[in-house]
Amino acid sequence: MTDPKSGLALFPASFDPLTNGHLDLVQRARRVFPELVVAVAHNVKKTGTFSLEERLAMLNEVLGELPGVSVTSFQGLSVEYAREIGASTIVRGLRATSDFEYEFEMTLMNRHMRPEVETLFLMTSQEYFYVSSSRLKELVSFGVDISEWVPPIVDKYLKAKFAAD
């Protein structure tokens with residue numbers, strides 16, 4: 001176990017795929033924390049649209065040069081991974097009431113298991129309130145241009161993925 005560092009935060013998500021809403025949260029979290037670990041939560045029981053390697057490649061392409069940000073992946077519970085890397089805080093984004101209910105329950109359970117790890121909620125920016133990875137994948141499958149909501153590399157991956165299906 002690593003002692004928690006107050007300047008290190010973990011931003012875990014599936015990033016399937018990465019959206020501009022995620023990037024907005026990364027930028028805003030970096031204003032609060034000097035170090036941010038952006039981690040793909042890898043669930044071996046779930047099959048995503050993109051492989052773990054593809055998601056890491058997209059994240060590294062977009063975030064690779066951002067000072068104080070590292071990209072990685074993990075299996076298991078976010079709170080346990082935060083403890084493992086010494087992060088004092090887990091950063092989570094909230095879009096709607098339904099996000100809050102899920103995140104609130106998860107935060108209470110995490111606090112019970114690891115009270116030394118805090119959760120910081122960042123409200124989504126207005127322009128990304130209705131953007132979700134699943135909604136964007138659905139739109140791409142119908143041929144809708146989603147380039148305003150994702151980085152160019154993600155747009156390219158999505159178009160290739162859905163053109164092949």
# chains A, B, ... in the order shown; residues from 1 in each chain; ligands from 1
$ residues_around --residues "A:Gln75" --least-positions-apart "3" --cutoff "9 Å" --atoms "only C-alpha atoms" --output "ChimeraX atom specification"
/A:40-44,78,81
$ residues_around --residues "stretch 62-65 of chain A" --least-positions-apart "4" --cutoff "9 Å" --atoms "only C-alpha atoms" --output "JSON, numbers by chain"
{"A": [23, 57, 58, 69, 70, 71, 151, 153]}
$ closest_atom_pairs --of "stretch 19-83 of chain A" --to "stretch 137-150 of chain A" --cutoff "10 Å" --atoms "only C-alpha atoms" --output "tab-separated table"
residue	atom	partner	partner_atom	distance
A:Thr19	CA	A:Val150	CA	4.6
A:Asn20	CA	A:Val150	CA	5.0
A:Gly21	CA	A:Trp149	CA	7.5
A:His22	CA	A:Val150	CA	9.2
A:Leu23	CA	A:Val150	CA	9.0
A:Thr49	CA	A:Lys137	CA	8.6
$ atom_distance --atom1 "atom CA of A:Glu105" --atom2 "atom CA of A:Ile90"
14.2 Å
$ closest_atom_pairs --of "stretch 4-66 of chain A" --to "stretch 119-133 of chain A" --cutoff "12 Å" --atoms "only C-alpha atoms" --output "JSON lines"
{"residue": "A:Ala9", "atom": "CA", "partner": "A:Leu120", "partner_atom": "CA", "distance": 9.2}
{"residue": "A:Leu10", "atom": "CA", "partner": "A:Thr119", "partner_atom": "CA", "distance": 9.4}
{"residue": "A:Phe11", "atom": "CA", "partner": "A:Leu120", "partner_atom": "CA", "distance": 9.8}
{"residue": "A:Pro12", "atom": "CA", "partner": "A:Thr119", "partner_atom": "CA", "distance": 11.3}
{"residue": "A:Ala13", "atom": "CA", "partner": "A:Ser133", "partner_atom": "CA", "distance": 10.9}
{"residue": "A:Ser14", "atom": "CA", "partner": "A:Ser133", "partner_atom": "CA", "distance": 9.3}
{"residue": "A:Phe15", "atom": "CA", "partner": "A:Ser133", "partner_atom": "CA", "distance": 7.6}
{"residue": "A:Asp16", "atom": "CA", "partner": "A:Ser133", "partner_atom": "CA", "distance": 6.2}
{"residue": "A:Pro17", "atom": "CA", "partner": "A:Ser133", "partner_atom": "CA", "distance": 5.7}
{"residue": "A:Leu18", "atom": "CA", "partner": "A:Ser133", "partner_atom": "CA", "distance": 7.2}
{"residue": "A:Thr19", "atom": "CA", "partner": "A:Ser133", "partner_atom": "CA", "distance": 6.8}
{"residue": "A:Asn20", "atom": "CA", "partner": "A:Tyr128", "partner_atom": "CA", "distance": 7.6}
{"residue": "A:Gly21", "atom": "CA", "partner": "A:Tyr128", "partner_atom": "CA", "distance": 5.4}
{"residue": "A:His22", "atom": "CA", "partner": "A:Thr124", "partner_atom": "CA", "distance": 8.9}
{"residue": "A:Leu23", "atom": "CA", "partner": "A:Tyr128", "partner_atom": "CA", "distance": 10.5}
{"residue": "A:Asp24", "atom": "CA", "partner": "A:Ser125", "partner_atom": "CA", "distance": 7.5}
{"residue": "A:Leu25", "atom": "CA", "partner": "A:Leu122", "partner_atom": "CA", "distance": 7.1}
{"residue": "A:Val26", "atom": "CA", "partner": "A:Leu122", "partner_atom": "CA", "distance": 10.0}
{"residue": "A:Gln27", "atom": "CA", "partner": "A:Leu122", "partner_atom": "CA", "distance": 11.2}
{"residue": "A:Arg28", "atom": "CA", "partner": "A:Leu122", "partner_atom": "CA", "distance": 8.3}
{"residue": "A:Ala29", "atom": "CA", "partner": "A:Leu122", "partner_atom": "CA", "distance": 8.1}
{"residue": "A:Arg30", "atom": "CA", "partner": "A:Leu122", "partner_atom": "CA", "distance": 11.8}
{"residue": "A:Arg31", "atom": "CA", "partner": "A:Leu122", "partner_atom": "CA", "distance": 11.9}
{"residue": "A:Val32", "atom": "CA", "partner": "A:Leu120", "partner_atom": "CA", "distance": 10.2}
{"residue": "A:Phe33", "atom": "CA", "partner": "A:Leu120", "partner_atom": "CA", "distance": 11.0}
{"residue": "A:Gly48", "atom": "CA", "partner": "A:Ser133", "partner_atom": "CA", "distance": 10.9}
{"residue": "A:Thr49", "atom": "CA", "partner": "A:Ser133", "partner_atom": "CA", "distance": 10.0}
{"residue": "A:Phe50", "atom": "CA", "partner": "A:Ser133", "partner_atom": "CA", "distance": 11.3}
$ write_last_selection --atoms "C-alpha atoms" --output "PDB file, in the first residue's frame"
ATOM      1  CA  ALA A   9      -5.907  12.042  -8.092  1.00  0.00           C
ATOM      2  CA  LEU A  10      -7.350   9.139 -10.047  1.00  0.00           C
ATOM      3  CA  PHE A  11      -9.859   9.631 -12.868  1.00  0.00           C
ATOM      4  CA  PRO A  12     -11.201   6.140 -13.664  1.00  0.00           C
ATOM      5  CA  ALA A  13     -13.701   5.395 -16.418  1.00  0.00           C
ATOM      6  CA  SER A  14     -14.299   2.939 -19.233  1.00  0.00           C
ATOM      7  CA  PHE A  15     -13.476   5.572 -21.886  1.00  0.00           C
ATOM      8  CA  ASP A  16     -15.310   3.473 -24.480  1.00  0.00           C
ATOM      9  CA  PRO A  17     -14.700   5.804 -26.208  1.00  0.00           C
ATOM     10  CA  LEU A  18     -13.056   8.963 -24.908  1.00  0.00           C
ATOM     11  CA  THR A  19     -15.222  12.073 -25.413  1.00  0.00           C
ATOM     12  CA  ASN A  20     -14.603  15.794 -25.237  1.00  0.00           C
ATOM     13  CA  GLY A  21     -16.603  15.699 -22.007  1.00  0.00           C
ATOM     14  CA  HIS A  22     -13.940  13.417 -20.529  1.00  0.00           C
ATOM     15  CA  LEU A  23     -11.223  15.791 -21.762  1.00  0.00           C
ATOM     16  CA  ASP A  24     -13.001  18.738 -20.158  1.00  0.00           C
ATOM     17  CA  LEU A  25     -12.973  16.882 -16.836  1.00  0.00           C
ATOM     18  CA  VAL A  26      -9.262  16.069 -17.225  1.00  0.00           C
ATOM     19  CA  GLN A  27      -8.411  19.728 -17.852  1.00  0.00           C
ATOM     20  CA  ARG A  28     -10.495  20.898 -14.906  1.00  0.00           C
ATOM     21  CA  ALA A  29      -9.149  18.226 -12.547  1.00  0.00           C
ATOM     22  CA  ARG A  30      -5.614  19.296 -13.474  1.00  0.00           C
ATOM     23  CA  ARG A  31      -6.403  22.780 -12.139  1.00  0.00           C
ATOM     24  CA  VAL A  32      -7.039  21.150  -8.744  1.00  0.00           C
ATOM     25  CA  PHE A  33      -4.431  18.365  -8.697  1.00  0.00           C
ATOM     26  CA  GLY A  48     -16.665  -2.959 -24.916  1.00  0.00           C
ATOM     27  CA  THR A  49     -16.776  -1.483 -28.371  1.00  0.00           C
ATOM     28  CA  PHE A  50     -13.029  -0.947 -28.234  1.00  0.00           C
TER      29      PHE A  50
END
$ closest_residue --among "A:Val154, A:Phe104, A:Glu80, A:Ser73" --to "A:Val38" --atoms "only C-alpha atoms"
A:Ser73
$ select_by_dssp --residues "stretch 73-108 of chain A" --states "helix (DSSP H, G or I)" --output "list of chain:residue names"
A:Ser78, A:Val79, A:Glu80, A:Tyr81, A:Ala82, A:Arg83, A:Glu84, A:Ile85, A:Thr97, A:Ser98, A:Asp99, A:Phe100, A:Glu101, A:Tyr102, A:Glu103, A:Phe104, A:Glu105, A:Met106, A:Thr107, A:Leu108
$ select_by_dssp --residues "stretch 48-156 of chain A" --states "strand (DSSP E)" --output "VMD selection string"
chain A and resid 69 to 74 87 to 94 118 to 123
$ atom_distance --atom1 "atom CA of A:Glu116" --atom2 "atom CA of A:Thr97"
26.2 Å
